[in-house]
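Engineer: My structure is below; once you've seen it, I'll send some questions.
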There are 2 protein chains.
Amino acid sequence: MYTEIFNQFKKQLGQLDKWLGTAAEYAKSKNFDPDVFATLRLAPDQFPLARQVQIACDTVKLAVAYLTGKPAPAQEDNEKTLAELQARVQSIIQLLQGLNPRDFDDAPTRVVSQPRWKGEWMTGADYFVEHALPNFYFHLATAYAILRHNGVGIGKRDYLGQQTKRPAAP
Amino acid sequence: MYTEIFNQFKKQLGQLDKWLGTAAEYAKSKNFDPDVFATLRLAPDQFPLARQVQIACDTVKLAVAYLTGKPAPAQEDNEKTLAELQARVQSIIQLLQGLNPRDFDDAPTRVVSQPRWKGEWMTGADYFVEHALPNFYFHLATAYAILRHNGVGIGKRDYLGQQTKRPAAP
């Protein structure tokens with residue numbers, strides 16, 4: 001199911017790209033600077049939109065690296081505009097487009113660890129289900145919530161995107 | 001991976017139960033009615049907390065029904081208090097506790113459809129990845145965002161819950 005879920009992440013990132021575009025149009029229609037959105041947050045001690053987008057992107061990038069063994073390209077977290085955030089999102093979509101199902105062959109049994117874990121580790125399977133999946137959707141939905149709270153006209157369909165419906169039997 | 005992800009949903013619902021408890025304690029410490037939280041929302045045309053919790057619960061309940069063939073118990077959506085919402089969450093945790101891995105044996109190839117789809121359908125695999133997973137996390141993270149925006153002291157660790165770390169090699 002790794003391939004299917006990373007394909008879904010790719011679709012969700014495409015939707016995020018669109019929300020950012022809708023936010024820019026909304027700002028234009030109201031004559032305010034669209035890049036103000038990058039600084040907005042839902043609580044004073046919560047990350048602003050820009051960081052939410054960066055972490056959503058990084059969660060996918062790092063999950064790919066941990067689960068496939070391919071190195072994660074370094075990125076500087078210096079995005080300040082909606083256009084720069086859209087480029088960051090597109091960079092992850094491109095990364096995902098370069099994968100094939102065989103890349104995940106030994107994903108479940110890979111050893112995932114980080115220096116601050118002091119030697120402790122997770123299986124790739126546990127890391128994916130307990131960290132990557134909930135963390136990606138957390139930051140994606142938080143980015144959505146920040147835009148929605150601040151007047152951007154997006155709805156559930158913009159969140160989910162197109163679903164694979166099969167035609168009715170003739 | 002169905003069993004692992006539904007186990008994760010169970011853990012996430014347990015975390016949601018805790019956030020609602022933390023919200024009640026916060027209200028008590030500030031001398032306001034905790035059940036006000038059930039009515040709060042992030043935008044005037046967005047569902048309030050109670051509905052976010054109900055939909056998160058229903059997404060899991062319906063996914064179980066669609067993917068296992070077991071009937072989904074009807075529920076009335078009449079929760080108005082945090083305690084009632086916690087009971088709703090617990091009902092889904094209990095539902096998940098009654099499942100075993102064999103229940104998902106034919107999940108990927110099951111036919112999922114709804115009357116309003118007019119005969120169109122999705123495979124169980126597509127429904128799970130394209131609808132159930134993103135929709136559950138959407139409403140879970142939105143419930144979290146509503147609480148967080150309104151001062152409840154919860155953070156990312158309360159969202160993710162305990163992760164399965166393995167001990168360092170001796």
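Labels for the structure tokens follow display order: chains A, B, ..., residues from 1 in each chain, ligands from 1.
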Per residue of chain A within 9 Å of chain B, which atom pair is closest and at what distance in Å (one decimal), using only C-alpha atoms, listed by chain and increasing number, as JSON lines?
Structural biologist:
```
{"residue": "A:Met1", "atom": "CA", "partner": "B:Met1", "partner_atom": "CA", "distance": 6.8}
{"residue": "A:Glu4", "atom": "CA", "partner": "B:Val129", "partner_atom": "CA", "distance": 7.1}
{"residue": "A:Ile5", "atom": "CA", "partner": "B:Val129", "partner_atom": "CA", "distance": 6.2}
{"residue": "A:Gln8", "atom": "CA", "partner": "B:Glu130", "partner_atom": "CA", "distance": 6.6}
{"residue": "A:Gln12", "atom": "CA", "partner": "B:Pro134", "partner_atom": "CA", "distance": 8.8}
{"residue": "A:Arg41", "atom": "CA", "partner": "B:His149", "partner_atom": "CA", "distance": 8.9}
{"residue": "A:Leu42", "atom": "CA", "partner": "B:His149", "partner_atom": "CA", "distance": 5.2}
{"residue": "A:Ala43", "atom": "CA", "partner": "B:His149", "partner_atom": "CA", "distance": 5.1}
{"residue": "A:Pro44", "atom": "CA", "partner": "B:His149", "partner_atom": "CA", "distance": 8.7}
{"residue": "A:Gln46", "atom": "CA", "partner": "B:Arg148", "partner_atom": "CA", "distance": 8.6}
{"residue": "A:Trp117", "atom": "CA", "partner": "B:Lys165", "partner_atom": "CA", "distance": 8.8}
{"residue": "A:Lys118", "atom": "CA", "partner": "B:Ala168", "partner_atom": "CA", "distance": 7.4}
{"residue": "A:Gly119", "atom": "CA", "partner": "B:Ala168", "partner_atom": "CA", "distance": 4.5}
{"residue": "A:Glu120", "atom": "CA", "partner": "B:Ala168", "partner_atom": "CA", "distance": 4.5}
{"residue": "A:Trp121", "atom": "CA", "partner": "B:Arg166", "partner_atom": "CA", "distance": 5.1}
{"residue": "A:Met122", "atom": "CA", "partner": "B:Lys165", "partner_atom": "CA", "distance": 5.1}
{"residue": "A:Thr123", "atom": "CA", "partner": "B:Arg166", "partner_atom": "CA", "distance": 8.1}
{"residue": "A:Ala125", "atom": "CA", "partner": "B:Met1", "partner_atom": "CA", "distance": 8.7}
{"residue": "A:Asp126", "atom": "CA", "partner": "B:Thr164", "partner_atom": "CA", "distance": 6.7}
{"residue": "A:Tyr127", "atom": "CA", "partner": "B:Thr164", "partner_atom": "CA", "distance": 8.1}
{"residue": "A:Val129", "atom": "CA", "partner": "B:Ile5", "partner_atom": "CA", "distance": 6.2}
{"residue": "A:Glu130", "atom": "CA", "partner": "B:Gln163", "partner_atom": "CA", "distance": 6.3}
{"residue": "A:His131", "atom": "CA", "partner": "B:Leu160", "partner_atom": "CA", "distance": 7.1}
{"residue": "A:Leu133", "atom": "CA", "partner": "B:Leu133", "partner_atom": "CA", "distance": 8.9}
{"residue": "A:Pro134", "atom": "CA", "partner": "B:Tyr137", "partner_atom": "CA", "distance": 7.0}
{"residue": "A:Asn135", "atom": "CA", "partner": "B:Leu160", "partner_atom": "CA", "distance": 7.5}
{"residue": "A:Tyr137", "atom": "CA", "partner": "B:Tyr137", "partner_atom": "CA", "distance": 6.0}
{"residue": "A:Phe138", "atom": "CA", "partner": "B:Ala141", "partner_atom": "CA", "distance": 5.6}
{"residue": "A:His139", "atom": "CA", "partner": "B:Ala141", "partner_atom": "CA", "distance": 8.4}
{"residue": "A:Leu140", "atom": "CA", "partner": "B:Phe138", "partner_atom": "CA", "distance": 8.4}
{"residue": "A:Ala141", "atom": "CA", "partner": "B:Phe138", "partner_atom": "CA", "distance": 5.6}
{"residue": "A:Thr142", "atom": "CA", "partner": "B:Ala141", "partner_atom": "CA", "distance": 6.8}
{"residue": "A:Ala145", "atom": "CA", "partner": "B:Thr142", "partner_atom": "CA", "distance": 6.9}
{"residue": "A:Ile146", "atom": "CA", "partner": "B:Leu42", "partner_atom": "CA", "distance": 8.6}
{"residue": "A:Arg148", "atom": "CA", "partner": "B:Ala43", "partner_atom": "CA", "distance": 6.7}
{"residue": "A:His149", "atom": "CA", "partner": "B:Ala43", "partner_atom": "CA", "distance": 5.1}
{"residue": "A:Asn150", "atom": "CA", "partner": "B:Ala43", "partner_atom": "CA", "distance": 7.9}
{"residue": "A:Gly151", "atom": "CA", "partner": "B:Ala43", "partner_atom": "CA", "distance": 7.7}
{"residue": "A:Gly155", "atom": "CA", "partner": "B:Gln46", "partner_atom": "CA", "distance": 8.9}
{"residue": "A:Lys156", "atom": "CA", "partner": "B:Asn135", "partner_atom": "CA", "distance": 8.9}
{"residue": "A:Tyr159", "atom": "CA", "partner": "B:Phe138", "partner_atom": "CA", "distance": 8.5}
{"residue": "A:Leu160", "atom": "CA", "partner": "B:Pro134", "partner_atom": "CA", "distance": 7.0}
{"residue": "A:Gly161", "atom": "CA", "partner": "B:Glu130", "partner_atom": "CA", "distance": 8.6}
{"residue": "A:Gln162", "atom": "CA", "partner": "B:Glu130", "partner_atom": "CA", "distance": 8.6}
{"residue": "A:Gln163", "atom": "CA", "partner": "B:Glu130", "partner_atom": "CA", "distance": 6.3}
{"residue": "A:Thr164", "atom": "CA", "partner": "B:Met122", "partner_atom": "CA", "distance": 6.5}
{"residue": "A:Lys165", "atom": "CA", "partner": "B:Met122", "partner_atom": "CA", "distance": 5.1}
{"residue": "A:Arg166", "atom": "CA", "partner": "B:Trp121", "partner_atom": "CA", "distance": 5.1}
{"residue": "A:Pro167", "atom": "CA", "partner": "B:Glu120", "partner_atom": "CA", "distance": 4.9}
{"residue": "A:Ala168", "atom": "CA", "partner": "B:Glu120", "partner_atom": "CA", "distance": 4.5}
{"residue": "A:Ala169", "atom": "CA", "partner": "B:Gly119", "partner_atom": "CA", "distance": 7.2}
```
Engineer: Write out as a list of chain:residue names each polymer residue whose atoms come within 8 Å of stretch 77-89 of chain A, counting only C-alpha atoms; drop sequence neighbours fewer than 3 positions from it.
Structural biologist: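 Here the qualifying residues turn out to be A:Leu13, A:Gly14, A:Leu16, A:Asp17, A:Leu20, A:Gly21, A:Ala24, A:Pro34, A:Asp35, A:Phe37, A:Ala38, A:Ala50, A:Arg51, A:Val53, A:Gln54, A:Cys57, A:Ile92, A:Ile93.
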Engineer: Just the helix (DSSP H, G or I) stuff from chain B, please, per backbone DSSP, written as a PyMOL selection string.
Structural biologist: chain B and resi 2-29+34-39+49-68+82-97+101-104+107-109+115-117+124-149+156-160
